[in-house]
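**Student:** My structure is stored as my_file.cif, with mmCIF, C-alpha atoms.
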```
data_model
#
loop_
_atom_site.label_atom_id
_atom_site.label_comp_id
_atom_site.auth_asym_id
_atom_site.auth_seq_id
_atom_site.Cartn_x
_atom_site.Cartn_y
_atom_site.Cartn_z
CA MET A 19 4.02 -8.44 -16.32
CA GLU A 20 5.33 -7.94 -12.82
CA GLY A 21 8.13 -10.14 -11.63
CA VAL A 22 11.37 -10.53 -9.79
CA ALA A 23 14.59 -9.08 -11.15
CA LYS A 24 17.26 -11.49 -12.35
CA LYS A 25 18.63 -13.71 -9.61
CA THR A 26 21.59 -12.36 -7.73
CA ASP A 27 23.30 -12.89 -4.40
CA LYS A 28 23.08 -9.18 -3.65
CA TYR A 29 20.35 -7.66 -1.53
CA PHE A 30 19.32 -4.26 -2.78
CA THR A 31 18.74 -1.16 -0.66
CA TYR A 32 16.79 2.05 -1.00
CA ALA A 33 20.10 3.75 -1.88
CA ASP A 34 20.44 1.35 -4.87
CA TYR A 35 16.82 1.96 -5.83
CA LEU A 36 17.37 5.73 -5.95
CA THR A 37 19.99 5.23 -8.71
CA TRP A 38 17.67 3.22 -11.00
CA PRO A 39 16.05 4.92 -14.05
CA ASP A 40 12.85 6.84 -13.25
CA GLU A 41 11.03 5.35 -16.24
CA GLU A 42 11.28 1.89 -14.68
CA ARG A 43 8.99 1.06 -11.75
CA TRP A 44 10.33 -1.21 -9.03
CA GLU A 45 9.64 -2.24 -5.47
CA ILE A 46 12.17 -3.82 -3.12
CA ILE A 47 10.86 -6.15 -0.43
CA GLU A 48 13.46 -7.19 2.12
CA GLY A 49 16.25 -6.66 -0.41
CA ILE A 50 14.58 -8.44 -3.36
CA PRO A 51 13.56 -6.25 -6.33
CA PHE A 52 10.21 -6.67 -8.09
CA SER A 53 9.40 -4.96 -11.38
CA MET A 54 6.00 -3.34 -11.69
CA SER A 55 3.76 -3.20 -14.76
CA ALA A 56 1.15 -0.70 -15.84
CA PRO A 57 -2.27 -1.20 -14.20
CA SER A 58 -5.46 -2.10 -16.09
CA ASP A 59 -8.38 0.24 -16.77
CA ILE A 60 -10.49 -1.44 -14.04
CA HIS A 61 -7.65 -0.99 -11.57
CA GLN A 62 -7.37 2.69 -12.49
CA LYS A 63 -11.14 3.28 -12.15
CA VAL A 64 -11.20 1.79 -8.65
CA LEU A 65 -8.10 3.80 -7.73
CA ARG A 66 -9.66 7.03 -9.03
CA GLU A 67 -12.90 6.58 -7.07
CA LEU A 68 -11.10 5.77 -3.82
CA LEU A 69 -8.76 8.73 -4.30
CA ILE A 70 -11.76 11.02 -4.75
CA GLU A 71 -13.60 9.66 -1.69
CA PHE A 72 -10.59 9.87 0.62
CA GLY A 73 -9.34 13.13 -0.91
CA VAL A 74 -12.59 15.02 -0.40
CA TYR A 75 -12.86 13.78 3.18
CA LEU A 76 -9.23 14.62 4.03
CA ARG A 77 -9.25 18.10 2.46
CA GLY A 78 -8.19 20.56 5.16
CA LYS A 79 -7.31 17.80 7.65
CA THR A 80 -3.93 16.70 9.00
CA CYS A 81 -3.88 13.31 7.26
CA GLN A 82 -2.98 13.13 3.56
CA ILE A 83 -3.62 10.62 0.79
CA PHE A 84 -1.10 9.72 -1.89
CA SER A 85 -1.36 7.46 -4.93
CA SER A 86 1.29 5.43 -6.72
CA PRO A 87 3.93 6.10 -7.79
CA PHE A 88 4.82 7.28 -4.27
CA ASP A 89 7.67 5.61 -2.41
CA ILE A 90 7.10 4.13 1.03
CA SER A 91 10.44 3.18 2.58
CA LEU A 92 10.23 0.90 5.58
CA PRO A 93 13.47 1.09 7.58
CA GLN A 94 14.79 -1.48 10.00
CA ALA A 95 14.25 -0.45 13.63
CA GLN A 96 17.87 0.57 14.27
CA SER A 97 18.69 2.52 11.11
CA ASP A 98 16.93 4.82 8.71
CA GLU A 99 19.85 5.56 6.38
CA ASP A 100 19.05 4.85 2.71
CA ASP A 101 21.81 2.24 2.41
CA ASN A 102 20.32 0.32 5.36
CA ILE A 103 16.72 0.32 4.13
CA TYR A 104 15.89 -2.94 2.35
CA THR A 105 12.22 -2.29 1.64
CA VAL A 106 10.59 0.34 -0.54
CA VAL A 107 7.11 -0.21 -1.94
CA GLN A 108 4.62 1.73 -4.04
CA PRO A 109 1.13 0.83 -2.82
CA ASP A 110 -1.79 2.02 -4.93
CA LEU A 111 -2.98 4.38 -2.17
CA VAL A 112 -1.71 5.37 1.26
CA VAL A 113 -3.08 7.58 4.00
CA ILE A 114 -0.44 9.18 6.20
CA CYS A 115 -1.36 11.09 9.36
CA ASP A 116 2.17 11.78 10.68
CA ASN A 117 3.44 14.50 8.36
CA ASN A 118 6.97 14.11 9.79
CA LYS A 119 7.19 10.89 7.77
CA ILE A 120 6.63 12.73 4.47
CA SER A 121 9.44 14.19 2.36
CA ARG A 122 10.15 14.93 -1.28
CA LYS A 123 11.29 11.28 -1.59
CA GLY A 124 7.99 9.89 -0.32
CA CYS A 125 7.21 8.45 3.10
CA LYS A 126 9.70 6.96 5.54
CA GLY A 127 7.89 4.68 7.95
CA ALA A 128 4.50 3.00 8.08
CA PRO A 129 1.45 4.80 6.67
CA ASP A 130 -1.81 4.61 8.63
CA ILE A 131 -3.70 2.96 5.74
CA VAL A 132 -2.28 1.05 2.77
CA ILE A 133 -4.56 0.10 -0.12
CA GLU A 134 -3.54 -2.41 -2.78
CA ILE A 135 -5.75 -3.11 -5.79
CA LEU A 136 -5.09 -6.63 -7.05
CA SER A 137 -4.21 -7.64 -10.56
CA PRO A 138 -3.47 -11.21 -11.66
CA SER A 139 0.28 -10.54 -11.68
CA THR A 140 0.36 -9.03 -8.15
CA ALA A 141 -2.26 -11.01 -6.24
CA SER A 142 0.09 -13.46 -4.54
CA LYS A 143 2.62 -10.79 -3.58
CA ASP A 144 -0.08 -8.40 -2.29
CA CYS A 145 -2.04 -11.04 -0.36
CA ILE A 146 0.86 -12.84 1.27
CA ARG A 147 4.21 -11.08 1.14
CA LYS A 148 2.91 -7.52 1.49
CA ARG A 149 0.35 -8.46 4.14
CA GLU A 150 3.16 -9.87 6.25
CA LEU A 151 5.33 -6.85 5.51
CA TYR A 152 2.65 -4.31 6.51
CA GLU A 153 1.85 -6.25 9.66
CA LYS A 154 5.55 -6.35 10.60
CA HIS A 155 5.85 -2.57 10.12
CA LYS A 156 2.61 -1.90 12.04
CA VAL A 157 0.41 -0.43 9.31
CA LYS A 158 -2.90 0.17 11.11
CA GLN A 159 -5.13 -0.85 8.19
CA TYR A 160 -4.28 -2.85 5.08
CA TRP A 161 -6.96 -2.93 2.40
CA ILE A 162 -6.83 -5.52 -0.38
CA ILE A 163 -9.24 -4.80 -3.21
CA GLU A 164 -10.28 -7.48 -5.69
CA PRO A 165 -11.74 -5.40 -8.57
CA GLU A 166 -12.92 -8.33 -10.69
CA GLU A 167 -14.89 -9.88 -7.81
CA LYS A 168 -15.86 -6.45 -6.43
CA GLU A 169 -14.64 -7.29 -2.93
CA VAL A 170 -12.63 -5.48 -0.26
CA PHE A 171 -10.73 -7.16 2.57
CA ILE A 172 -9.53 -4.96 5.43
CA PHE A 173 -6.89 -6.18 7.85
CA LYS A 174 -6.70 -4.13 11.05
CA LEU A 175 -3.78 -4.13 13.44
CA THR A 176 -4.80 -5.39 16.88
CA LYS A 177 -3.38 -4.12 20.16
CA ASP A 178 -1.02 -7.15 19.92
CA PHE A 179 0.27 -5.73 16.59
CA ILE A 180 -1.03 -8.56 14.43
CA TYR A 181 -3.64 -8.84 11.69
CA ARG A 182 -6.49 -11.20 12.41
CA ASN A 183 -9.07 -12.36 9.85
CA PRO A 184 -10.02 -9.47 7.58
CA GLU A 185 -13.34 -7.67 7.44
CA LYS A 186 -15.00 -8.51 4.11
CA TYR A 187 -17.10 -6.16 2.00
CA LYS A 188 -18.97 -6.62 -1.30
CA LYS A 189 -20.13 -4.19 -4.00
CA ASP A 190 -23.36 -3.15 -2.26
CA ASP A 191 -21.69 -2.48 1.11
CA ARG A 192 -20.54 0.76 2.70
CA ILE A 193 -17.28 0.90 4.65
CA LYS A 194 -17.18 3.09 7.74
CA VAL A 195 -13.45 3.80 7.88
CA GLU A 196 -12.17 3.22 11.41
CA GLY A 197 -10.33 6.22 12.87
CA PHE A 198 -11.87 8.65 10.36
CA GLU A 199 -15.21 9.73 11.82
CA GLY A 200 -17.81 10.39 9.16
CA LEU A 201 -15.84 8.79 6.32
CA GLU A 202 -17.99 6.14 4.67
CA ILE A 203 -16.98 4.56 1.37
CA ASP A 204 -19.86 3.51 -0.88
CA LEU A 205 -18.57 0.50 -2.80
CA ASN A 206 -21.24 0.95 -5.47
CA LEU A 207 -19.43 4.15 -6.43
CA VAL A 208 -16.01 2.53 -6.20
CA PHE A 209 -16.85 -0.47 -8.35
CA GLY A 210 -19.20 1.40 -10.69
#
```
Render the structure in this file as structure tokens.

**Tutor:**
Amino acid sequence: MEGVAKKTDKYFTYADYLTWPDEERWEIIEGIPFSMSAPSDIHQKVLRELLIEFGVYLRGKTCQIFSSPFDISLPQAQSDEDDNIYTVVQPDLVVICDNNKISRKGCKGAPDIVIEILSPSTASKDCIRKRELYEKHKVKQYWIIEPEEKEVFIFKLTKDFIYRNPEKYKKDDRIKVEGFEGLEIDLNLVFG
């Protein structure tokens, strides 16, 4: 089960995170650590299908897709040193079009698309805390996928740098991915 680390007065940084054991999966959101659990089979099936759809489309193009575990560190505006970064997350999928953000450690800065596949233990964090986080860091598109209900909600950053009400899609819909001409996701394939 995913949850918060034991209570402490300390705020953790990306530098702290890099010292933690690799076999443990964590995210830090604004200095607060959250443990991560293994995803379900339904989660993994949805992840696999989306990875295939995006991966085939992006082959040979500038943008790249990555799946978790892949660190996304979101620095404060003034500093990008590891000991001054208080947020590192591992979304299920990310699309990154600025290859200067990518390193062996992961991605430093906002991806173009972040996709989170909900599970009962992460739903609140993904729908509220992470939505606010991705909006604050100017992620262009934030997809929340509800695999049990077979629904997709896409938040798009406006020119005012805020997310308005999401676009909603169901199992029989097709998503024309904004900014990626010709990429259309068939949700029948994604949800099986």

**Student:** For the file shown, report as a ChimeraX atom specification the outcome of the PyMOL selection byres ((chain A and resi 170) around 7) at residue level.

**Tutor:** /A:161-164,169,171-172,186-188

**Student:** Given the file above and the PyMOL selection byres ((chain A and resi 72) around 12), which residues are selected, and can you give them as a ChimeraX atom specification?

**Tutor:** /A:65-71,73-79,81-85,111-114,131,133,193-195,198,200-204,208

**Student:** Got a sec: who's within 12 Å of Glu41 (chain A), counting only C-alpha atoms, leaving out chain neighbours fewer than 5 positions off, as a ChimeraX atom specification?

**Tutor:** /A:53-56,87

**Student:** What is the CA of Asp100 (chain A)-CA of Ala33 (chain A) distance in Å, reported with one decimal?

**Tutor:** 4.8 Å

**Student:** Identify, on the basis of all atoms listed in the file, every residue whose closest approach to Tyr160 (chain A) does not exceed 12 Å; exclude the query and any residue fewer than 5 positions from it along the same chain; express the result as a ChimeraX atom specification.

**Tutor:** /A:109-113,128-135,144-146,148-155,170-175,180-185,195-196

**Student:** Decode the PyMOL selection byres ((chain A and resi 105) around 6) for the given file into explicit residues and return them as a list in words.

**Tutor:**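 Applied to this file, the PyMOL selection byres ((chain A and resi 105) around 6) selects Ile46, Ile47, Glu48, Ser91, Leu92, Ile103, Tyr104 and Val106 of chain A.
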
**Student:** Compare A:Val107, A:Phe179, A:Arg147, A:Pro93 by their minimum atom-to-atom distance to Lys126 (chain A), counting only C-alpha atoms, and give me the closest one.

**Tutor:**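 Comparing A:Val107, A:Phe179, A:Arg147, A:Pro93 against Lys126 (chain A), the winner is A:Pro93.
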
**Student:** Ranking A:Arg192, A:Lys119, A:Lys158, A:Lys177 by minimum distance to Phe209 (chain A) and counting all atoms listed in the file, which one comes first?

**Tutor:**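 Result for the nearest residue to Phe209 (chain A): A:Arg192.
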
**Student:** Could you tell me which of A:Asp59, A:Glu99, A:Asp89, A:Glu42 comes closest to Ile120 (chain A) if we count all atoms listed in the file?

**Tutor:**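 When distances to Ile120 (chain A) are compared using all atoms listed in the file, the smallest one comes from A:Asp89.
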
**Student:** Distance CA of Lys28 (chain A)-CA of Ser86 (chain A), one decimal place?

**Tutor:**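 If I compute the distance from CA of Lys28 (chain A) to CA of Ser86 (chain A), I get 26.4 Å.
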
**Student:** Between CA of Asp101 (chain A) and CA of Phe30 (chain A), measure the distance and give it in Å to one decimal.

**Tutor:** 8.7 Å
